[in-house]
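K.L.:
My structure is in model-v9.cif, and what it holds is mmCIF, C-alpha atoms:
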data_input
#
loop_
_atom_site.label_atom_id
_atom_site.label_comp_id
_atom_site.auth_asym_id
_atom_site.auth_seq_id
_atom_site.Cartn_x
_atom_site.Cartn_y
_atom_site.Cartn_z
CA MET X 1 -129.77 -188.72 -185.67
CA PHE X 2 -127.36 -191.15 -187.33
CA ARG X 3 -124.56 -192.61 -185.22
CA PHE X 4 -121.68 -194.90 -186.18
CA GLU X 5 -119.60 -196.73 -183.63
CA SER X 6 -116.42 -195.46 -185.24
CA ALA X 7 -115.68 -191.77 -184.68
CA PHE X 8 -113.86 -191.67 -188.01
CA ALA X 9 -116.89 -193.05 -189.83
CA GLN X 10 -119.22 -190.63 -188.01
CA THR X 11 -117.23 -187.51 -188.83
CA SER X 12 -116.62 -188.70 -192.40
CA MET X 13 -120.38 -189.14 -192.83
CA LEU X 14 -120.99 -185.62 -191.50
CA LEU X 15 -118.41 -184.21 -193.90
CA LEU X 16 -120.27 -185.91 -196.75
CA VAL X 17 -123.58 -184.51 -195.46
CA MET X 18 -122.19 -180.97 -195.49
CA GLY X 19 -120.79 -181.46 -198.97
CA ALA X 20 -124.08 -182.94 -200.23
CA VAL X 21 -126.14 -180.02 -198.88
CA ILE X 22 -123.80 -177.45 -200.41
CA ALA X 23 -123.64 -179.29 -203.75
CA ALA X 24 -127.43 -179.67 -203.88
CA CYS X 25 -128.10 -176.01 -203.12
CA PHE X 26 -125.56 -174.77 -205.64
CA SER X 27 -126.78 -177.15 -208.34
CA ILE X 28 -130.53 -176.40 -208.02
CA PRO X 29 -131.16 -173.18 -209.99
CA GLN X 30 -134.18 -172.13 -207.93
CA LEU X 31 -132.27 -172.36 -204.64
CA ARG X 32 -129.15 -170.81 -206.14
CA LYS X 33 -131.12 -167.72 -207.16
CA ARG X 34 -133.09 -167.35 -203.92
CA LEU X 35 -130.41 -168.16 -201.34
CA PRO X 36 -127.23 -166.10 -200.94
CA ASP X 37 -124.04 -168.16 -200.77
CA GLY X 38 -123.74 -167.45 -197.05
CA MET X 39 -127.22 -168.84 -196.34
CA ILE X 40 -126.30 -172.06 -198.16
CA LEU X 41 -123.28 -172.51 -195.90
CA ILE X 42 -125.40 -171.81 -192.82
CA LEU X 43 -127.87 -174.44 -193.99
CA ALA X 44 -125.06 -177.00 -194.40
CA GLY X 45 -123.85 -176.34 -190.86
CA VAL X 46 -127.34 -176.55 -189.39
CA VAL X 47 -128.11 -179.84 -191.14
CA ALA X 48 -124.81 -181.36 -189.97
CA THR X 49 -125.46 -180.48 -186.31
CA LEU X 50 -128.99 -181.88 -186.53
CA VAL X 51 -127.80 -185.13 -188.13
CA ASP X 52 -125.12 -185.49 -185.43
CA GLY X 53 -127.75 -185.25 -182.69
CA TRP X 54 -126.99 -181.80 -181.31
CA GLY X 55 -130.47 -180.52 -182.03
CA PHE X 56 -130.92 -176.78 -182.44
CA ALA X 57 -127.46 -175.71 -181.33
CA ILE X 58 -128.39 -172.05 -181.40
CA ARG X 59 -125.55 -171.00 -179.09
CA HIS X 60 -122.98 -172.49 -181.45
CA TRP X 61 -124.63 -171.03 -184.53
CA VAL X 62 -124.68 -167.55 -183.00
CA GLU X 63 -121.09 -167.94 -181.83
CA GLY X 64 -120.07 -169.03 -185.32
CA SER X 65 -121.83 -166.05 -186.91
CA PHE X 66 -119.38 -163.81 -185.00
CA TYR X 67 -116.33 -165.86 -186.04
CA PHE X 68 -115.33 -163.25 -188.66
CA PHE X 69 -116.82 -160.24 -186.87
CA ASN X 70 -113.51 -158.35 -186.75
CA LEU X 71 -112.96 -159.13 -190.42
CA ILE X 72 -116.44 -157.87 -191.31
CA LEU X 73 -115.76 -154.63 -189.44
CA THR X 74 -112.42 -154.23 -191.21
CA ILE X 75 -113.87 -154.90 -194.66
CA GLY X 76 -116.87 -152.66 -194.04
CA ALA X 77 -114.77 -149.75 -192.77
CA GLY X 78 -112.22 -150.21 -195.56
CA MET X 79 -114.87 -150.25 -198.27
CA VAL X 80 -116.47 -147.12 -196.80
CA MET X 81 -113.08 -145.39 -196.93
CA VAL X 82 -112.36 -146.43 -200.52
CA ASP X 83 -115.86 -145.36 -201.61
CA VAL X 84 -115.29 -141.97 -199.98
CA PHE X 85 -112.01 -141.71 -201.90
CA LYS X 86 -113.88 -142.55 -205.09
CA ASN X 87 -116.79 -140.16 -204.47
CA ASN X 88 -114.67 -137.19 -203.33
CA GLY X 89 -112.57 -137.40 -206.52
CA LEU X 90 -109.27 -138.58 -205.02
CA LEU X 91 -109.08 -141.81 -206.99
CA GLY X 92 -110.37 -140.20 -210.19
CA THR X 93 -107.81 -137.40 -210.01
CA LEU X 94 -105.02 -139.83 -209.16
CA THR X 95 -105.91 -142.10 -212.09
CA ARG X 96 -106.06 -139.21 -214.55
CA THR X 97 -102.74 -137.88 -213.25
CA LEU X 98 -101.11 -141.27 -213.75
CA VAL X 99 -102.36 -141.45 -217.35
CA GLN X 100 -101.09 -137.94 -218.09
CA LYS X 101 -97.68 -138.56 -216.53
CA PHE X 102 -96.99 -142.05 -217.89
CA TYR X 103 -98.82 -142.35 -221.21
CA ASN X 104 -95.43 -142.68 -222.94
CA TYR X 105 -94.61 -145.67 -220.70
CA PRO X 106 -97.51 -148.15 -221.02
CA SER X 107 -95.92 -150.85 -218.84
CA VAL X 108 -95.26 -148.42 -215.98
CA LEU X 109 -98.80 -147.02 -216.26
CA LEU X 110 -100.35 -150.49 -216.19
CA ALA X 111 -98.28 -151.38 -213.13
CA PHE X 112 -99.57 -148.29 -211.29
CA LEU X 113 -103.16 -149.07 -212.30
CA MET X 114 -102.74 -152.60 -210.90
CA LEU X 115 -101.56 -151.12 -207.60
CA LEU X 116 -104.73 -149.03 -207.53
CA ILE X 117 -106.82 -152.15 -208.14
CA MET X 118 -104.96 -153.92 -205.33
CA PHE X 119 -105.20 -151.04 -202.85
CA PRO X 120 -108.63 -151.88 -201.32
CA GLY X 121 -107.57 -155.49 -200.79
CA MET X 122 -104.32 -154.38 -199.18
CA VAL X 123 -106.16 -152.36 -196.54
CA THR X 124 -109.16 -154.68 -196.02
CA GLY X 125 -107.76 -158.14 -196.78
CA SER X 126 -110.73 -158.86 -199.06
CA ALA X 127 -110.70 -159.72 -202.77
CA PRO X 128 -114.25 -158.50 -203.49
CA ALA X 129 -113.34 -155.08 -202.08
CA CYS X 130 -110.83 -154.67 -204.93
CA VAL X 131 -113.37 -155.48 -207.61
CA LEU X 132 -116.31 -153.58 -206.14
CA THR X 133 -114.44 -150.31 -205.48
CA THR X 134 -111.37 -149.36 -207.53
CA GLY X 135 -112.03 -152.24 -209.93
CA VAL X 136 -115.36 -150.71 -210.96
CA MET X 137 -113.63 -147.41 -211.65
CA ILE X 138 -110.54 -148.72 -213.47
CA ALA X 139 -112.23 -151.40 -215.62
CA PRO X 140 -113.69 -148.83 -218.08
CA ILE X 141 -110.27 -147.15 -218.34
CA LEU X 142 -108.59 -150.46 -219.19
CA MET X 143 -111.19 -151.16 -221.88
CA ARG X 144 -110.75 -147.66 -223.33
CA MET X 145 -107.04 -148.41 -223.56
CA GLY X 146 -107.94 -151.25 -225.90
CA ILE X 147 -107.86 -154.20 -223.52
CA PRO X 148 -110.76 -156.59 -224.34
CA ARG X 149 -113.53 -157.18 -221.84
CA ILE X 150 -112.49 -160.77 -221.03
CA GLU X 151 -108.89 -159.76 -220.35
CA THR X 152 -110.08 -156.82 -218.25
CA ALA X 153 -112.14 -159.14 -216.07
CA ALA X 154 -109.16 -161.49 -215.70
CA ILE X 155 -106.97 -158.53 -214.67
CA LEU X 156 -109.50 -157.53 -212.01
CA ALA X 157 -109.71 -161.12 -210.76
CA MET X 158 -105.95 -161.58 -210.45
CA GLY X 159 -105.56 -158.08 -209.01
CA SER X 160 -108.14 -158.90 -206.36
CA ILE X 161 -106.19 -162.02 -205.35
CA ALA X 162 -102.86 -160.17 -205.24
CA GLY X 163 -104.44 -157.32 -203.27
CA GLN X 164 -106.11 -159.66 -200.80
CA GLN X 165 -102.80 -161.36 -200.05
CA ALA X 166 -100.57 -158.25 -200.12
CA PRO X 167 -99.48 -156.39 -196.98
CA PRO X 168 -100.30 -154.81 -194.63
CA VAL X 169 -103.56 -156.73 -193.99
CA ASN X 170 -103.56 -160.44 -194.82
CA VAL X 171 -106.61 -161.97 -193.15
CA PRO X 172 -105.89 -165.67 -193.98
CA ILE X 173 -102.50 -165.41 -192.25
CA MET X 174 -104.09 -163.55 -189.33
CA ILE X 175 -106.52 -166.45 -188.93
CA ILE X 176 -103.68 -168.97 -189.02
CA CYS X 177 -101.62 -166.94 -186.54
CA THR X 178 -104.54 -166.79 -184.11
CA SER X 179 -105.03 -170.57 -184.26
CA VAL X 180 -101.36 -171.52 -183.78
CA PHE X 181 -100.51 -168.71 -181.29
CA MET X 182 -98.04 -166.99 -183.63
CA PRO X 183 -97.70 -163.17 -183.75
CA TYR X 184 -98.62 -161.44 -186.98
CA GLU X 185 -95.16 -159.95 -187.36
CA GLY X 186 -92.46 -160.35 -189.97
CA PHE X 187 -94.87 -160.92 -192.87
CA MET X 188 -94.61 -157.55 -194.65
CA ALA X 189 -91.53 -158.26 -196.79
CA PRO X 190 -92.45 -161.87 -197.76
CA LEU X 191 -96.01 -160.87 -198.71
CA ALA X 192 -94.74 -157.93 -200.74
CA LEU X 193 -92.21 -160.14 -202.53
CA LEU X 194 -94.95 -162.63 -203.40
CA ASN X 195 -97.89 -160.48 -204.37
CA PHE X 196 -96.65 -157.27 -205.97
CA PRO X 197 -94.79 -159.20 -208.71
CA LEU X 198 -97.91 -161.35 -209.16
CA GLY X 199 -100.14 -158.33 -209.70
CA ILE X 200 -97.74 -156.59 -212.08
CA PHE X 201 -97.05 -159.79 -214.04
CA SER X 202 -100.79 -160.43 -214.39
CA ILE X 203 -101.68 -157.04 -215.87
CA LEU X 204 -98.65 -156.98 -218.19
CA PHE X 205 -99.22 -160.53 -219.40
CA LEU X 206 -102.95 -160.06 -219.95
CA GLY X 207 -103.12 -156.47 -221.20
CA ARG X 208 -99.81 -155.03 -222.33
CA ARG X 209 -100.02 -156.19 -225.95
CA TYR X 210 -103.30 -154.32 -226.48
CA VAL X 211 -102.08 -150.93 -225.21
CA THR X 212 -100.38 -148.40 -227.49
CA VAL X 213 -98.82 -145.01 -226.78
CA ASP X 214 -101.06 -143.30 -229.35
CA ARG X 215 -104.22 -144.54 -227.68
CA LEU X 216 -102.94 -143.52 -224.25
CA ARG X 217 -102.00 -140.07 -225.56
CA ALA X 218 -105.53 -139.60 -226.87
CA ILE X 219 -106.96 -140.52 -223.47
CA ALA X 220 -104.53 -138.18 -221.68
CA GLU X 221 -105.53 -135.26 -223.93
CA GLU X 222 -109.23 -135.64 -223.28
CA PRO X 223 -110.71 -132.81 -221.16
CA ALA X 224 -111.02 -133.62 -217.47
CA GLU X 225 -114.39 -134.18 -215.88
CA LYS X 226 -115.79 -130.91 -214.59
CA ASP X 227 -116.24 -132.02 -210.99
CA LEU X 228 -112.80 -133.62 -210.52
CA PRO X 229 -110.77 -131.75 -207.88
CA PRO X 230 -107.28 -130.53 -208.89
CA ASN X 231 -104.05 -132.14 -207.71
CA SER X 232 -103.05 -130.83 -204.31
CA PHE X 233 -101.47 -131.95 -201.07
CA THR X 234 -104.82 -131.42 -199.36
CA LEU X 235 -106.54 -133.88 -201.70
CA TYR X 236 -104.01 -136.64 -201.00
CA SER X 237 -103.52 -135.86 -197.30
CA PRO X 238 -105.97 -138.61 -196.19
CA LEU X 239 -103.64 -141.21 -197.74
CA LEU X 240 -100.74 -139.79 -195.72
CA LEU X 241 -102.88 -139.83 -192.58
CA LEU X 242 -103.82 -143.47 -193.23
CA LEU X 243 -100.14 -144.40 -193.64
CA ILE X 244 -99.30 -142.70 -190.34
CA LEU X 245 -102.16 -144.31 -188.43
CA LEU X 246 -101.39 -147.82 -189.73
CA SER X 247 -97.60 -147.69 -189.44
CA GLY X 248 -97.35 -145.70 -186.19
CA PRO X 249 -97.92 -148.64 -183.79
CA ARG X 250 -95.25 -150.65 -185.63
CA LEU X 251 -92.62 -147.88 -185.81
CA VAL X 252 -93.10 -145.72 -182.72
CA PRO X 253 -92.89 -147.34 -179.25
CA GLY X 254 -95.94 -146.57 -177.15
CA TRP X 255 -98.06 -145.45 -180.12
CA PRO X 256 -101.66 -146.52 -179.39
CA ASP X 257 -102.87 -149.32 -181.65
CA MET X 258 -106.46 -148.40 -182.56
CA SER X 259 -107.12 -151.65 -184.44
CA THR X 260 -107.75 -151.50 -188.17
CA PRO X 261 -111.38 -150.30 -188.62
CA LEU X 262 -110.95 -147.07 -186.61
CA PRO X 263 -108.10 -145.62 -188.74
CA PHE X 264 -110.22 -146.33 -191.82
CA LEU X 265 -113.16 -144.41 -190.38
CA ILE X 266 -110.97 -141.51 -189.20
CA THR X 267 -109.43 -141.28 -192.67
CA SER X 268 -112.90 -141.38 -194.25
CA LEU X 269 -114.08 -138.47 -192.10
CA VAL X 270 -110.99 -136.41 -192.98
CA ALA X 271 -111.46 -137.18 -196.70
CA LEU X 272 -114.94 -135.64 -196.54
CA VAL X 273 -113.40 -132.16 -196.44
CA THR X 274 -110.31 -132.61 -198.63
CA GLY X 275 -111.99 -133.15 -202.01
CA LYS X 276 -115.50 -132.82 -203.37
CA ARG X 277 -118.09 -132.44 -200.65
CA ILE X 278 -120.12 -135.62 -200.26
CA ASN X 279 -122.71 -136.98 -197.85
CA PHE X 280 -120.96 -139.53 -195.63
CA PHE X 281 -124.14 -141.36 -194.69
CA THR X 282 -125.32 -141.69 -198.30
CA SER X 283 -121.89 -142.93 -199.38
CA SER X 284 -121.61 -145.45 -196.53
CA LYS X 285 -125.16 -146.72 -197.14
CA GLN X 286 -124.28 -147.41 -200.79
CA THR X 287 -121.17 -149.23 -199.62
CA PHE X 288 -123.08 -151.56 -197.33
CA ASP X 289 -125.68 -152.18 -200.02
CA HIS X 290 -122.82 -153.56 -202.13
CA ALA X 291 -121.16 -155.38 -199.23
CA MET X 292 -124.23 -157.07 -197.76
CA ASN X 293 -123.87 -160.34 -199.71
CA MET X 294 -120.22 -160.49 -198.68
CA ILE X 295 -121.13 -159.94 -195.01
CA ILE X 296 -123.71 -162.74 -195.23
CA LEU X 297 -121.07 -164.97 -196.84
CA PHE X 298 -118.57 -164.46 -194.02
CA THR X 299 -121.33 -165.05 -191.46
CA GLY X 300 -122.22 -168.31 -193.16
CA ILE X 301 -118.58 -169.43 -193.28
CA GLY X 302 -118.30 -168.80 -189.54
CA VAL X 303 -121.42 -170.86 -188.78
CA LEU X 304 -120.17 -173.71 -190.98
CA ILE X 305 -116.72 -173.70 -189.35
CA GLN X 306 -118.27 -173.70 -185.86
CA SER X 307 -120.50 -176.61 -186.88
CA MET X 308 -117.46 -178.47 -188.21
CA ALA X 309 -115.71 -177.96 -184.88
CA LEU X 310 -118.79 -179.02 -182.88
CA THR X 311 -119.35 -182.23 -184.87
CA GLY X 312 -115.65 -183.20 -185.02
CA VAL X 313 -115.21 -182.68 -188.76
CA ARG X 314 -112.63 -179.96 -188.26
CA GLY X 315 -110.71 -182.22 -185.87
CA LEU X 316 -110.84 -185.03 -188.42
CA ILE X 317 -109.28 -182.81 -191.08
CA ALA X 318 -106.58 -181.65 -188.65
CA THR X 319 -105.75 -185.20 -187.53
CA ILE X 320 -105.49 -186.52 -191.09
CA THR X 321 -103.37 -183.55 -192.16
CA ILE X 322 -100.81 -183.90 -189.37
CA SER X 323 -100.40 -187.63 -189.97
CA LEU X 324 -99.68 -187.39 -193.70
CA PRO X 325 -96.16 -187.85 -195.17
CA ARG X 326 -94.45 -184.66 -196.29
CA TYR X 327 -94.65 -185.30 -200.03
CA VAL X 328 -98.38 -185.93 -199.68
CA LEU X 329 -98.75 -182.75 -197.60
CA PHE X 330 -97.42 -180.52 -200.36
CA THR X 331 -99.32 -182.29 -203.13
CA GLY X 332 -102.56 -182.57 -201.18
CA PHE X 333 -102.45 -178.97 -200.00
CA THR X 334 -101.90 -177.75 -203.55
CA ILE X 335 -105.09 -179.48 -204.67
CA VAL X 336 -107.33 -179.06 -201.63
CA GLY X 337 -105.98 -175.58 -200.84
CA ILE X 338 -107.20 -174.34 -204.22
CA LEU X 339 -110.51 -176.25 -204.45
CA LEU X 340 -111.82 -175.88 -200.87
CA PRO X 341 -111.89 -172.05 -200.99
CA GLY X 342 -114.33 -172.41 -203.86
CA VAL X 343 -116.85 -173.34 -201.14
CA LEU X 344 -115.44 -171.87 -197.92
CA VAL X 345 -113.61 -168.97 -199.64
CA THR X 346 -110.01 -168.30 -198.65
CA PHE X 347 -110.82 -167.24 -195.10
CA GLY X 348 -112.78 -170.37 -194.24
CA ALA X 349 -110.19 -172.61 -195.88
CA SER X 350 -107.39 -170.92 -193.94
CA ALA X 351 -109.23 -171.60 -190.67
CA VAL X 352 -109.74 -175.29 -191.53
CA LEU X 353 -106.56 -176.19 -193.44
CA GLY X 354 -104.00 -173.59 -192.39
CA PRO X 355 -103.38 -174.36 -188.69
CA PRO X 356 -102.92 -178.15 -188.99
CA TYR X 357 -100.72 -177.68 -192.03
CA ILE X 358 -98.43 -175.22 -190.24
CA LEU X 359 -98.28 -177.49 -187.18
CA ALA X 360 -97.42 -180.51 -189.34
CA LEU X 361 -94.38 -178.68 -190.78
CA GLN X 362 -92.94 -177.05 -187.67
CA ASP X 363 -89.37 -177.62 -188.85
CA LEU X 364 -89.92 -175.07 -191.66
CA ASN X 365 -89.95 -171.30 -191.36
CA SER X 366 -93.56 -170.62 -190.37
CA ILE X 367 -93.62 -167.10 -191.79
CA MET X 368 -92.54 -168.15 -195.29
CA LEU X 369 -94.68 -171.30 -195.11
CA SER X 370 -97.78 -169.31 -194.14
CA SER X 371 -97.14 -166.69 -196.82
CA GLY X 372 -96.91 -169.29 -199.58
CA ALA X 373 -99.88 -171.27 -198.28
CA ALA X 374 -102.05 -168.13 -198.09
CA LEU X 375 -101.28 -167.26 -201.71
CA ILE X 376 -102.22 -170.76 -202.88
CA MET X 377 -105.49 -170.65 -200.92
CA GLY X 378 -106.08 -167.19 -202.39
CA LEU X 379 -106.28 -168.78 -205.85
CA GLY X 380 -109.53 -170.34 -204.63
CA CYS X 381 -111.09 -166.90 -205.31
CA LEU X 382 -111.20 -168.04 -208.95
CA VAL X 383 -112.94 -171.35 -208.21
CA PRO X 384 -116.76 -171.67 -208.38
CA PRO X 385 -119.29 -171.90 -206.85
CA THR X 386 -118.34 -168.83 -204.77
CA GLY X 387 -115.40 -167.58 -206.90
CA ILE X 388 -115.56 -164.25 -205.12
CA GLY X 389 -112.78 -162.73 -207.22
CA GLY X 390 -113.56 -164.03 -210.69
CA LEU X 391 -117.36 -163.95 -210.56
CA PHE X 392 -117.47 -160.40 -209.18
CA ALA X 393 -115.08 -159.31 -211.95
CA MET X 394 -117.31 -161.00 -214.52
CA ARG X 395 -120.28 -158.93 -213.35
CA VAL X 396 -118.32 -155.68 -213.33
CA VAL X 397 -117.44 -155.93 -217.04
CA GLY X 398 -120.90 -157.18 -218.00
CA GLU X 399 -119.80 -160.64 -219.16
CA GLU X 400 -122.27 -163.54 -218.89
CA ARG X 401 -119.92 -166.53 -219.07
CA TYR X 402 -117.19 -167.21 -216.53
CA TRP X 403 -115.25 -169.96 -218.30
CA PRO X 404 -113.48 -167.63 -220.83
CA ILE X 405 -112.34 -165.42 -217.93
CA PHE X 406 -111.15 -168.44 -215.96
CA LYS X 407 -109.06 -169.61 -218.94
CA LYS X 408 -107.39 -166.21 -219.23
CA CYS X 409 -106.42 -166.43 -215.55
CA LEU X 410 -104.69 -169.81 -215.87
CA ILE X 411 -101.17 -168.60 -216.71
CA PRO X 412 -101.07 -165.92 -213.97
CA ALA X 413 -102.57 -168.48 -211.57
CA ILE X 414 -99.82 -170.98 -212.44
CA PHE X 415 -97.28 -168.22 -211.85
CA ALA X 416 -98.85 -167.57 -208.41
CA LEU X 417 -98.93 -171.30 -207.63
CA THR X 418 -95.23 -171.59 -208.50
CA LEU X 419 -94.34 -168.67 -206.22
CA GLY X 420 -96.42 -170.12 -203.39
CA LEU X 421 -94.87 -173.57 -203.67
CA LEU X 422 -91.34 -172.15 -203.77
CA PHE X 423 -92.00 -170.25 -200.54
CA MET X 424 -93.41 -173.40 -198.93
CA ILE X 425 -90.85 -175.98 -200.04
CA TYR X 426 -87.82 -173.70 -199.55
CA ALA X 427 -89.21 -171.82 -196.55
CA ASN X 428 -86.02 -172.13 -194.50
CA GLU X 429 -83.70 -171.09 -197.32
CA ILE X 430 -85.85 -168.08 -198.29
CA GLY X 431 -86.18 -167.13 -194.63
CA ARG X 432 -82.41 -166.68 -194.40
CA ILE X 433 -82.31 -164.07 -197.19
CA PRO X 434 -81.25 -160.66 -195.81
CA GLY X 435 -84.26 -158.38 -195.56
CA LEU X 436 -86.66 -161.29 -195.17
CA ARG X 437 -85.18 -162.59 -191.92
CA TYR X 438 -87.62 -161.94 -189.09
CA VAL X 439 -86.30 -160.24 -185.96
CA PRO X 440 -89.00 -160.22 -183.23
CA SER X 441 -89.81 -156.81 -181.81
CA LYS X 442 -89.81 -156.31 -178.05
CA GLY X 443 -92.91 -157.89 -176.59
CA ALA X 444 -93.76 -159.89 -179.73
CA TYR X 445 -94.09 -163.12 -177.77
#
Please, can you express the file's structure as structure tokens?
P.N.:
Amino acid sequence: MFRFESAFAQTSMLLLVMGAVIAACFSIPQLRKRLPDGMILILAGVVATLVDGWGFAIRHWVEGSFYFFNLILTIGAGMVMVDVFKNNGLLGTLTRTLVQKFYNYPSVLLAFLMLLIMFPGMVTGSAPACVLTTGVMIAPILMRMGIPRIETAAILAMGSIAGQQAPPVNVPIMIICTSVFMPYEGFMAPLALLNFPLGIFSILFLGRRYVTVDRLRAIAEEPAEKDLPPNSFTLYSPLLLLLILLSGPRLVPGWPDMSTPLPFLITSLVALVTGKRINFFTSSKQTFDHAMNMIILFTGIGVLIQSMALTGVRGLIATITISLPRYVLFTGFTIVGILLPGVLVTFGASAVLGPPYILALQDLNSIMLSSGAALIMGLGCLVPPTGIGGLFAMRVVGEERYWPIFKKCLIPAIFALTLGLLFMIYANEIGRIPGLRYVPSKGAY
């Protein structure tokens, strides 16, 4: 145990210890290959608690491992649902229908394809869900349209960020709301205004110049796969059911709120009989095989955050943040808010940085401020060593180097950063725009 007389010096030393452990594990190739990212974060938290003299703080480590339990359930159930949609032919039929209907309008078609890429993130709040589900299916289509592999990976990466931050489920803001006792209401319109333009701009900027009407016509005239189900209301009825289950509690007084994972599972079960017949247990097992590393990552983030709270590091960050001048707050958050998620991913960074930042700027509209801050922290999905958006996209297209993909993402990322900063700096002015003004529902507080 190492102990300084100054609490500031002690917590600063522990912060350096955590950073050193993480940096060492990510920089040693043997450890990087053997240890999942989540295990590295767990190791950093364990070492910090031992150095601070807490010994084997098993209770805190177990408590921290459940920090994102609701998020893990939501992501798992959402990925199961999207995989069922993919396996029963719903997404394949929908994609083919879009190509056949809009091959004469390449920009419109690309915008719809981006919405499909974003869809898993919109319902789970997770960037990897976008890449590992609809991203895997749409990437070959984009490359057949003529979009190069590097640009396709960049489209998936930016689409995963836009989907993760788009409504109705925005986990970073949910984490912030829980910490500052603010209801998760009034965010739908601001998040839509921020993230749908980002997704559409990204795919048009990165891929539009490669797509021609002649190439799209050739794809549309290709014979359909034999096992794809035909267009019908029955095929798409699970999407309507999902919309009803998710929007009912917000639109109909007294409608039971079943939480997010249950509607996903109900929709998955209904989708089993509306398209191709599939084995639910086989499909869900494949989903969790893909999601296991992500579940371990969120578990590790929770343990690290709990260790930061136990040792005082989280309090140190909050205290420093609240005491900073305003111009430093915006500048510092822009830098740290993008880099820190490279280690803690967006969800961990939102738990550490988000609450003190919102509390330090209480004179600004908290809804607009949180929306802009969440988008900026979402850009951390491009930042190594975790880079859960960009690195997953790199693997999907079969690319071996990440730097070319990162460079392609720079302009869309700057566009996202500009939008986020505008919503933060002019939070009050934007909050007064008709349609964005938040009117609390009965019982919101």
K.L.:
Using all atoms listed in the file, find the one residue out of X:Phe205, X:Tyr103, X:Phe119, X:Tyr236 that sits nearest to Ala218 (chain X).
P.N.:
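For Ala218 (chain X), the nearest of the given residues is X:Tyr103.
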K.L.:
Using all atoms listed in the file, list the residues that have an atom at most 10 Å from (-88.1, -170.2, -197.8), coordinates as in the file, as a ChimeraX atom specification.
P.N.:
/X:190,364-369,371-372,421-433,436
K.L.:
Within 7 Å of Thr152 (chain X), counting all atoms listed in the file, which residues show up once you throw out same-chain ones fewer than 5 positions away? Write them as a PyMOL selection string, please.
P.N.:
chain X and resi 139+142-143+147
K.L.:
Have a look at X:Leu41, X:Val99, X:Ile200, X:Met118 and name the one nearest to Phe298 (chain X); count all atoms listed in the file.
P.N.:
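The answer is X:Leu41, which sits nearest to Phe298 (chain X).
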K.L.:
Near Ile388 (chain X), counting all atoms listed in the file, which residues have an atom at most 9 Å away, once you skip same-chain residues fewer than 6 positions from it, shown as a PyMOL selection string?
P.N.:
chain X and resi 127-128+157+294+342+345+380-382
K.L.:
Please report, as lines of an AutoDock Vina configuration file, the centre and edge lengths in Å to one decimal of an axis-aligned box covering all listed atoms of region 415-425 of chain X with 5 Å per side.
P.N.:
center_x = -94.9
center_y = -171.8
center_z = -205.4
size_x = 18.1
size_y = 18.4
size_z = 22.9
K.L.:
Expand the PyMOL selection byres ((chain X and resi 107) around 12) into the explicit residue set it covers here, and present it as a ChimeraX atom specification.
P.N.:
/X:99,102-106,108-114,200-213,216
K.L.:
Could you jot down the CA of Val62 (chain X) to CA of Pro356 (chain X) separation for me, Å, one decimal place?
P.N.:
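Taking CA of Val62 (chain X) and CA of Pro356 (chain X), their separation equals 24.9 Å.
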K.L.:
Enumerate, as a short mmCIF file (atom, residue, chain, number, x, y, z; two decimals) with C-alpha atoms, in the coordinates of the input, the residues matched when the PyMOL selection byres ((chain X and resi 79) around 8) is run on the file above.
P.N.:
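Final output, saved to result-v1.cif:
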data_model
loop_
_atom_site.label_atom_id
_atom_site.label_comp_id
_atom_site.auth_asym_id
_atom_site.auth_seq_id
_atom_site.Cartn_x
_atom_site.Cartn_y
_atom_site.Cartn_z
CA ILE X 75 -113.87 -154.90 -194.66
CA GLY X 76 -116.87 -152.66 -194.04
CA ALA X 77 -114.77 -149.75 -192.77
CA GLY X 78 -112.22 -150.21 -195.56
CA VAL X 80 -116.47 -147.12 -196.80
CA MET X 81 -113.08 -145.39 -196.93
CA VAL X 82 -112.36 -146.43 -200.52
CA ASP X 83 -115.86 -145.36 -201.61
CA PRO X 120 -108.63 -151.88 -201.32
CA THR X 124 -109.16 -154.68 -196.02
CA ALA X 129 -113.34 -155.08 -202.08
CA THR X 133 -114.44 -150.31 -205.48
CA THR X 287 -121.17 -149.23 -199.62
#
K.L.:
As a check of understanding, name the residues that the PyMOL selection byres ((chain X and resi 23) around 12) selects in the supplied structure, as a PyMOL selection string.
P.N.:
chain X and resi 16-22+24-29+31-32+37+40-41+43-44+342-343+384-386
K.L.:
Measuring atom to atom with all atoms listed in the file, identify which of X:Asn293, X:Gly125, X:Asn88, X:Ala360 is nearest to Met174 (chain X).
P.N.:
X:Gly125
K.L.:
Which neighbours of Ile42 (chain X) fall inside 6 Å, counting only C-alpha atoms, when residues of the same chain fewer than 3 positions from it are skipped, and could you give them as a list in words?
P.N.:
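Once the nearby chain positions are removed, what remains is Met39, Gly45, Gly300, Val303 and Leu304 of chain X.
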K.L.:
Could you name the residues that touch region 164-172 of chain X at 6 Å or less, counting only C-alpha atoms, but leaving out those on the same chain fewer than 5 positions away, as a list of chain:residue names?
P.N.:
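Answer for this query is X:Gly121, X:Met122, X:Val123, X:Gly125, X:Ser126, X:Ala127, X:Met188, X:Leu191, X:Ala192, X:Asn195, X:Phe347, X:Ser350.
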K.L.:
From the options X:Leu265, X:Leu344, X:Ile173, X:Met182, which residue's atoms come nearest to Ala373 (chain X), counting all atoms listed in the file?
P.N.:
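Residue with the minimum atom-to-atom distance to Ala373 (chain X): X:Ile173.
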K.L.:
Closest to Ile322 (chain X) among X:Leu391, X:Leu359, X:Ala291, X:Leu340, using all atoms listed in the file?
P.N.:
X:Leu359
K.L.:
Give me the residues within 12 Å of Trp61 (chain X) as number ranges by chain, counting all atoms listed in the file and dropping any in the same chain fewer than 2 places off.
P.N.:
X: 41-50, 54-59, 63-67, 299-310
